[in-house]
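Below is one structure; the comments refer to it alone.
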Amino acid sequence: MGRTMPAKLSRDQIAQILVESLFFGTRKTAEKYGVTQRAVRKWQHQLEIDQELSSLFAEQRPLY
């Protein structure tokens, strides 16, 4: 059974997912947001090259 992806997520939402994945793990966070673990891992790699996403992640991380 395939998982349906939600409508396009904003960069803020992706940053929130990445922060939560640090604390709750990739699988649990992916399930919560209805995305695949592969998508979360892809976004984790994007942090290294996407300055805007990296900045949003840094802003949201202290909130948890």
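Letters for chains follow the order of the structure tokens (A, B, ...), residue numbers begin at 1 for each chain, and ligand numbers begin at 1 in the order shown.
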
As a PyMOL selection string, please: all residues of chain A that backbone DSSP puts in alpha helix (DSSP H). chain A and resi 11-24+26-33+37-46+51-60

Env of Ala39 (chain A): 12 Å cut, atoms = only C-alpha atoms, seq-sep filter 2 positions within chain, self excluded. Answer as JSON, numbers by chain. {"A": [3, 5, 6, 9, 14, 17, 18, 21, 26, 27, 29, 30, 31, 33, 34, 35, 36, 37, 41, 42, 43, 44, 45, 46]}

Please produce a file of those selected residues containing C-alpha atoms, as a compact mmCIF listing (two decimals), in the first residue's frame.
# COMPACT_ATOMS: atom_id res chain seq x y z
CA ARG A 3 1.48 6.43 1.02
CA MET A 5 1.99 12.66 -0.24
CA PRO A 6 0.30 15.75 1.14
CA LEU A 9 4.77 21.59 1.76
CA ILE A 14 9.78 21.09 5.90
CA ILE A 17 9.57 18.27 10.04
CA LEU A 18 13.37 18.21 10.05
CA SER A 21 12.89 14.27 13.16
CA THR A 26 12.61 9.90 10.88
CA ARG A 27 9.98 7.15 10.88
CA THR A 29 7.94 12.12 12.10
CA ALA A 30 7.26 10.89 8.56
CA GLU A 31 4.18 9.03 9.78
CA TYR A 33 3.10 14.31 8.60
CA GLY A 34 2.08 11.70 6.05
CA VAL A 35 5.35 11.80 4.11
CA THR A 36 7.82 9.05 3.34
CA GLN A 37 10.99 8.44 5.30
CA ARG A 41 16.10 11.92 4.44
CA LYS A 42 16.19 13.89 1.17
CA TRP A 43 15.32 17.09 3.03
CA GLN A 44 18.02 16.32 5.62
CA HIS A 45 20.57 16.23 2.80
CA GLN A 46 19.18 19.48 1.36

Name all residues at most 12 Å from Leu63 (chain A) (count only C-alpha atoms; drop same-chain ones fewer than 6 positions away) and give them as a PDB file with N, CA, C and O atoms, in the first residue's frame.
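Output (selection.pdb):
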ATOM      1  N   ALA A  15      11.114  22.551   7.340  1.00  0.00           N
ATOM      2  CA  ALA A  15      12.049  22.820   8.433  1.00  0.00           C
ATOM      3  C   ALA A  15      11.510  22.264   9.744  1.00  0.00           C
ATOM      4  O   ALA A  15      12.257  21.668  10.534  1.00  0.00           O
ATOM      5  N   GLN A  16      10.220  22.428   9.995  1.00  0.00           N
ATOM      6  CA  GLN A  16       9.602  21.894  11.210  1.00  0.00           C
ATOM      7  C   GLN A  16       9.710  20.373  11.245  1.00  0.00           C
ATOM      8  O   GLN A  16      10.042  19.789  12.277  1.00  0.00           O
ATOM      9  N   VAL A  19      13.293  19.424  12.145  1.00  0.00           N
ATOM     10  CA  VAL A  19      13.586  19.617  13.565  1.00  0.00           C
ATOM     11  C   VAL A  19      12.957  18.491  14.381  1.00  0.00           C
ATOM     12  O   VAL A  19      13.607  17.890  15.238  1.00  0.00           O
ATOM     13  N   GLU A  20      11.702  18.199  14.114  1.00  0.00           N
ATOM     14  CA  GLU A  20      11.029  17.133  14.851  1.00  0.00           C
ATOM     15  C   GLU A  20      11.708  15.781  14.636  1.00  0.00           C
ATOM     16  O   GLU A  20      11.768  14.963  15.552  1.00  0.00           O
ATOM     17  N   PHE A  23      14.334  14.873  17.150  1.00  0.00           N
ATOM     18  CA  PHE A  23      13.887  14.477  18.481  1.00  0.00           C
ATOM     19  C   PHE A  23      13.065  13.192  18.496  1.00  0.00           C
ATOM     20  O   PHE A  23      13.123  12.426  19.454  1.00  0.00           O
ATOM     21  N   LEU A  56      15.906  28.478   8.064  1.00  0.00           N
ATOM     22  CA  LEU A  56      14.616  28.194   8.699  1.00  0.00           C
ATOM     23  C   LEU A  56      14.774  27.111   9.764  1.00  0.00           C
ATOM     24  O   LEU A  56      14.181  27.195  10.845  1.00  0.00           O
ATOM     25  N   PHE A  57      15.557  26.096   9.450  1.00  0.00           N
ATOM     26  CA  PHE A  57      15.817  25.008  10.392  1.00  0.00           C
ATOM     27  C   PHE A  57      16.481  25.573  11.654  1.00  0.00           C
ATOM     28  O   PHE A  57      16.076  25.244  12.785  1.00  0.00           O
TER      29      PHE A  57
END

Report, in Å with one decimal, the straight-line distance from CA of Ile49 (chain A) to CA of Lys32 (chain A). 25.6 Å
